[in-house]
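Peer 1: One structure is given below, represented as structure tokens, and several questions about it will come after.
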Amino acid sequence: MTTIKQVASFAGVSVATVSRVINETGYVHEDTRRKVEAAVKQLNYKPNEVARSLYKKKSRLIGLLLPDITNPYFPLLARGVEDRMQENDFRIIFGNSDEDRQKELDYMDTFTQNNVVGVISSTNDPDADCYAKLKIPVVFLDRTSSDSLSVYADGAYGGRLAAQEMVARGSKQITVLQGPAHIRPAQDRFRGAVEELQQLNITYHVVETTSFSFKDAESWAKELFSKHPDTDGVIASNDIVATAVMHEAHRLGKKIPDDVQIIGFDDIPLSSLLFPPLSTIRQPAYEMGWEAAGLLIQLIEQSQATKSSMRQPHSSISYSSIQLPVKFIERATTRKVDFHG
């Protein structure tokens, strides 16, 4: 890796001169500036972004906090964030909280110490004090907050849609896997499914879960068929849990979708590769990340413009949270139905 000393030696100037050119501080003769810029390009020198931001007090760093990177859904969110941030010359410091409160607080400290200018967070507690105390813009992703801007999918409608599609395909003994109580989107989709089943006067059971993790999904699938062996339709809390339900159904000799239909939630890439391929409710994860990044960039630009001018508070631009639509993806874990019959 090229160092600033090597750039200075190559250009025949001092390290201080190279620093002034890179950080755009102080006077440098135009001929000297061109020599330094040519050396930077030829040696492919990459400045330390953290050190540079601390020195200039002008950062291009963003903090991104996700709850569980082993869940294939969250890398899709992250990719949407990263692509848009990269396009706008921002860099990301990433944190994985594992749904652990202390890890989340530690990462928030790390973000602050590294002089990030904004945070995108998929926290389970968006109203926590650590966010209220931040003096930089925050956007919540796949989470909703009463006080801050959010980008999220319409989970309640997704739950209703899953129930409608399940009933339309003939299931009459439906089990709904309720997602973790501390995750608001999970409760939105659960509430939507249950309300729709009640309106349709369909018998249903509920199995509570406490996380979206791979390691626990198998036990919940076993509990489902142990407690409710007559279940002929399962609305899962996400695609990971739906996959575990499929495996348990196969183990019990149940035919999918003839004996039991299954609908997941998220539409992670794995869903289309399962056998049979999983019917699910698609959340536009990449698009959500893209929109969250765009919203945060606007907030950062507004904040910086306000700080550098005498603009009065009433002239500031207001922004709104963004809700993206969901849709049913029909694959082979649900029966075909003729809606025009």
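Following the order of the structure tokens, first chain is A, next is B, and so on, with residues numbered from 1 inside each chain and ligands from 1 in the order they appear.
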Got a sec: who's within 10 Å of region 2-12 of chain A, counting only C-alpha atoms, leaving out chain neighbours fewer than 4 positions off, as a PyMOL selection string?
Peer 2: chain A and resi 16-19+22+32-48
Peer 1: Any idea what's packed within 12 Å of region 250-254 of chain A, counting only C-alpha atoms, ignoring anything in its chain fewer than 2 positions away? Could you give it as a JSON list (two decimals) with C-alpha atoms, in the first residue's frame?
Peer 2:
```json
[["chain", "number", "residue", "atom", "x", "y", "z"],
["A", 218, "GLU", "CA", -35.99, -25.75, 13.34],
["A", 221, "ALA", "CA", -41.13, -25.76, 12.95],
["A", 222, "LYS", "CA", -41.21, -28.88, 15.12],
["A", 225, "PHE", "CA", -46.59, -29.52, 13.70],
["A", 226, "SER", "CA", -46.45, -31.03, 17.20],
["A", 229, "PRO", "CA", -50.77, -31.46, 13.38],
["A", 230, "ASP", "CA", -53.85, -30.65, 11.26],
["A", 231, "THR", "CA", -52.30, -27.45, 9.92],
["A", 232, "ASP", "CA", -52.83, -27.24, 6.17],
["A", 233, "GLY", "CA", -51.38, -23.74, 5.69],
["A", 243, "THR", "CA", -37.55, -23.01, 5.00],
["A", 244, "ALA", "CA", -37.41, -24.79, 8.36],
["A", 245, "VAL", "CA", -41.15, -25.48, 8.12],
["A", 246, "MET", "CA", -40.63, -27.01, 4.67],
["A", 247, "HIS", "CA", -37.90, -29.31, 5.99],
["A", 248, "GLU", "CA", -40.04, -30.43, 8.92],
["A", 256, "ILE", "CA", -46.15, -29.58, -0.28],
["A", 257, "PRO", "CA", -48.43, -27.96, -1.35],
["A", 258, "ASP", "CA", -51.06, -30.76, -1.39],
["A", 259, "ASP", "CA", -51.06, -31.42, 2.37],
["A", 260, "VAL", "CA", -49.71, -28.13, 3.61],
["A", 261, "GLN", "CA", -49.15, -24.79, 1.89],
["A", 262, "ILE", "CA", -46.38, -22.44, 3.02],
["A", 275, "PHE", "CA", -37.33, -27.52, -3.55],
["A", 276, "PRO", "CA", -40.09, -26.81, -4.05],
["A", 333, "THR", "CA", -45.31, -24.14, -2.04]]
```
Peer 1: Show which residues sit within 7 Å of Ser279 (chain A), as number ranges by chain. Count only C-alpha atoms, and ignore same-chain residues fewer than 2 positions away.
Peer 2: A: 262-264, 277, 329-334
Peer 1: Neighbouring residues of Ile174 (chain A) were defined as those with any atom within 8 Å, considering only C-alpha atoms; residues of the same chain fewer than 3 positions away were excluded. Please report them as a short mmCIF file (atom, residue, chain, number, x, y, z; two decimals) with N, CA and C atoms, in the first residue's frame.
Peer 2:
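Full text of part_27.cif as output:
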```cif
data_model
loop_
_atom_site.label_atom_id
_atom_site.label_comp_id
_atom_site.auth_asym_id
_atom_site.auth_seq_id
_atom_site.Cartn_x
_atom_site.Cartn_y
_atom_site.Cartn_z
N SER A 171 -56.66 -23.39 2.00
CA SER A 171 -56.30 -23.78 3.36
C SER A 171 -57.37 -23.33 4.36
N ILE A 202 -61.72 -17.58 9.28
CA ILE A 202 -60.90 -18.78 9.08
C ILE A 202 -60.25 -19.18 10.41
N THR A 203 -60.29 -20.46 10.72
CA THR A 203 -59.64 -20.97 11.93
C THR A 203 -58.12 -20.83 11.80
N TYR A 204 -57.50 -20.31 12.84
CA TYR A 204 -56.04 -20.17 12.79
C TYR A 204 -55.44 -20.40 14.18
N HIS A 205 -54.17 -20.78 14.18
CA HIS A 205 -53.40 -20.93 15.40
C HIS A 205 -52.17 -20.03 15.31
N THR A 231 -52.59 -28.66 10.69
CA THR A 231 -52.30 -27.45 9.92
C THR A 231 -52.18 -27.78 8.44
N ASP A 232 -52.94 -27.04 7.62
CA ASP A 232 -52.83 -27.24 6.17
C ASP A 232 -52.34 -25.97 5.47
N GLY A 233 -51.94 -24.97 6.25
CA GLY A 233 -51.38 -23.74 5.69
C GLY A 233 -50.55 -23.02 6.73
N VAL A 234 -49.34 -22.59 6.35
CA VAL A 234 -48.44 -21.90 7.28
C VAL A 234 -48.05 -20.55 6.70
N ILE A 235 -48.30 -19.50 7.48
CA ILE A 235 -47.81 -18.17 7.15
C ILE A 235 -46.62 -17.91 8.05
#
```
Peer 1: List every residue of region 111-232 of chain A that DSSP, applied to the backbone, labels as strand (DSSP E), and write the result as a list in words.
Peer 2: Gly118, Val119, Ile120, Ser121, Val138, Val139, Phe140, Leu141, Leu149, Ser150, Val151, Tyr152, Ala153, Gln173, Ile174, Thr175, Val176, Leu177, Gln178, Thr203, Tyr204, His205, Val206, Val207 and Glu208 of chain A
Peer 1: Grab the residues selected above and save them as a tab-separated table (two decimals), in the first residue's frame with N, CA, C and O atoms.
Peer 2:
```tsv
chain	number	residue	atom	x	y	z
A	118	GLY	N	-23.50	10.70	9.35
A	118	GLY	CA	-24.87	10.20	9.36
A	118	GLY	C	-24.89	8.73	9.68
A	118	GLY	O	-23.87	8.04	9.55
A	119	VAL	N	-26.05	8.24	10.12
A	119	VAL	CA	-26.21	6.84	10.49
A	119	VAL	C	-27.47	6.27	9.86
A	119	VAL	O	-28.52	6.93	9.85
A	120	ILE	N	-27.36	5.06	9.31
A	120	ILE	CA	-28.51	4.28	8.88
A	120	ILE	C	-28.56	3.05	9.79
A	120	ILE	O	-27.57	2.33	9.91
A	121	SER	N	-29.70	2.83	10.43
A	121	SER	CA	-29.77	1.76	11.43
A	121	SER	C	-31.02	0.92	11.27
A	121	SER	O	-32.12	1.45	11.09
A	138	VAL	N	-30.05	10.74	11.20
A	138	VAL	CA	-30.26	9.30	11.34
A	138	VAL	C	-31.46	8.89	10.50
A	138	VAL	O	-32.49	9.58	10.51
A	139	VAL	N	-31.33	7.80	9.76
A	139	VAL	CA	-32.46	7.20	9.04
A	139	VAL	C	-32.57	5.75	9.47
A	139	VAL	O	-31.57	5.02	9.50
A	140	PHE	N	-33.77	5.34	9.83
A	140	PHE	CA	-34.00	3.95	10.22
A	140	PHE	C	-34.44	3.15	9.00
A	140	PHE	O	-35.28	3.61	8.21
A	141	LEU	N	-33.87	1.97	8.86
A	141	LEU	CA	-34.09	1.13	7.68
A	141	LEU	C	-34.76	-0.17	8.08
A	141	LEU	O	-34.26	-0.88	8.97
A	149	LEU	N	-36.92	9.78	10.70
A	149	LEU	CA	-37.31	9.32	9.37
A	149	LEU	C	-36.96	7.84	9.19
A	149	LEU	O	-35.94	7.36	9.70
A	150	SER	N	-37.80	7.15	8.43
A	150	SER	CA	-37.63	5.71	8.24
A	150	SER	C	-37.91	5.35	6.78
A	150	SER	O	-38.65	6.04	6.08
A	151	VAL	N	-37.31	4.24	6.37
A	151	VAL	CA	-37.64	3.61	5.09
A	151	VAL	C	-38.01	2.17	5.40
A	151	VAL	O	-37.22	1.43	6.00
A	152	TYR	N	-39.20	1.77	5.02
A	152	TYR	CA	-39.70	0.45	5.41
A	152	TYR	C	-40.73	-0.03	4.39
A	152	TYR	O	-41.23	0.75	3.57
A	153	ALA	N	-41.04	-1.31	4.44
A	153	ALA	CA	-42.05	-1.90	3.57
A	153	ALA	C	-43.38	-1.98	4.31
A	153	ALA	O	-43.44	-1.91	5.54
A	173	GLN	N	-57.10	-24.66	7.96
A	173	GLN	CA	-56.51	-24.76	9.30
A	173	GLN	C	-55.11	-24.13	9.23
A	173	GLN	O	-54.12	-24.82	8.98
A	174	ILE	N	-55.07	-22.84	9.44
A	174	ILE	CA	-53.84	-22.08	9.18
A	174	ILE	C	-53.11	-21.78	10.48
A	174	ILE	O	-53.72	-21.43	11.49
A	175	THR	N	-51.79	-21.93	10.45
A	175	THR	CA	-50.96	-21.53	11.58
A	175	THR	C	-50.10	-20.34	11.16
A	175	THR	O	-49.45	-20.37	10.11
A	176	VAL	N	-50.13	-19.31	12.00
A	176	VAL	CA	-49.34	-18.10	11.75
A	176	VAL	C	-48.16	-18.10	12.72
A	176	VAL	O	-48.35	-18.19	13.93
A	177	LEU	N	-46.96	-18.02	12.18
A	177	LEU	CA	-45.76	-17.91	13.01
A	177	LEU	C	-45.53	-16.43	13.30
A	177	LEU	O	-45.21	-15.66	12.40
A	178	GLN	N	-45.71	-16.07	14.56
A	178	GLN	CA	-45.57	-14.68	14.97
A	178	GLN	C	-44.10	-14.34	15.17
A	178	GLN	O	-43.40	-14.98	15.95
A	203	THR	N	-60.29	-20.46	10.72
A	203	THR	CA	-59.64	-20.97	11.93
A	203	THR	C	-58.12	-20.83	11.80
A	203	THR	O	-57.54	-21.21	10.77
A	204	TYR	N	-57.50	-20.31	12.84
A	204	TYR	CA	-56.04	-20.17	12.79
A	204	TYR	C	-55.44	-20.40	14.18
A	204	TYR	O	-56.11	-20.26	15.20
A	205	HIS	N	-54.17	-20.78	14.18
A	205	HIS	CA	-53.40	-20.93	15.40
A	205	HIS	C	-52.17	-20.03	15.31
A	205	HIS	O	-51.78	-19.59	14.22
A	206	VAL	N	-51.56	-19.77	16.45
A	206	VAL	CA	-50.38	-18.90	16.50
A	206	VAL	C	-49.24	-19.64	17.22
A	206	VAL	O	-49.45	-20.24	18.27
A	207	VAL	N	-48.06	-19.59	16.62
A	207	VAL	CA	-46.83	-20.06	17.26
A	207	VAL	C	-45.91	-18.85	17.40
A	207	VAL	O	-45.54	-18.23	16.39
A	208	GLU	N	-45.55	-18.52	18.63
A	208	GLU	CA	-44.69	-17.36	18.87
A	208	GLU	C	-43.22	-17.73	18.67
A	208	GLU	O	-42.79	-18.83	19.03
```
Peer 1: So that I can see what lies close to Gly289 (chain A), please list as a short mmCIF file (atom, residue, chain, number, x, y, z; two decimals) with C-alpha atoms, in the first residue's frame the residues with an atom at most 9 Å from it, counting only C-alpha atoms and leaving out residues fewer than 5 positions away in the same chain.
Peer 2:
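Result file is selection.cif:
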```cif
data_model
loop_
_atom_site.label_atom_id
_atom_site.label_comp_id
_atom_site.auth_asym_id
_atom_site.auth_seq_id
_atom_site.Cartn_x
_atom_site.Cartn_y
_atom_site.Cartn_z
CA LEU A 76 -29.62 -6.98 0.29
CA LEU A 77 -30.43 -3.89 2.35
CA ALA A 78 -26.73 -3.20 2.81
CA ARG A 79 -25.99 -3.50 -0.91
CA GLY A 80 -28.66 -0.93 -1.73
CA VAL A 81 -27.16 1.46 0.83
CA GLU A 82 -23.60 0.87 -0.34
CA ASP A 83 -24.31 1.31 -4.05
CA ARG A 84 -25.98 4.67 -3.59
CA LEU A 141 -34.09 1.13 7.68
CA ASP A 142 -36.68 -1.67 7.78
CA VAL A 151 -37.64 3.61 5.09
CA PRO A 284 -37.94 -4.74 -1.99
CA GLY A 294 -30.72 8.81 -0.68
#
```
Peer 1: Return the single residue from A:Glu301, A:Glu30, A:Asp127, A:Asp154 that is closest to Arg189 (chain A), with distances computed using only C-alpha atoms.
Peer 2: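 The closest residue to Arg189 (chain A) is A:Asp154.
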Peer 1: Might you pull out every residue within 9 Å of Ala156 (chain A), with only C-alpha atoms counted and same-chain residues fewer than 5 positions away left off, and present them as a count of residues only?
Peer 2: 10
Peer 1: Enumerate as a ChimeraX atom specification all residues of region 39-172 of chain A assigned to alpha helix (DSSP H) by DSSP on the backbone, naming them with the chain letters and numbers the document uses.
Peer 2: /A:39-42,49-56,73-87,101-113,129-132,155-168
Peer 1: If I take CA of Leu61 (chain A) and CA of Thr112 (chain A), how far is one from the other in Å, to one decimal?
Peer 2: 10.4 Å
Peer 1: Which polymer residues have any atom within 9 Å of an atom of region 130-134 of chain A, counting only C-alpha atoms, with same-chain residues fewer than 5 positions away left out, as a PyMOL selection string?
Peer 2: chain A and resi 105+108+112+147-148
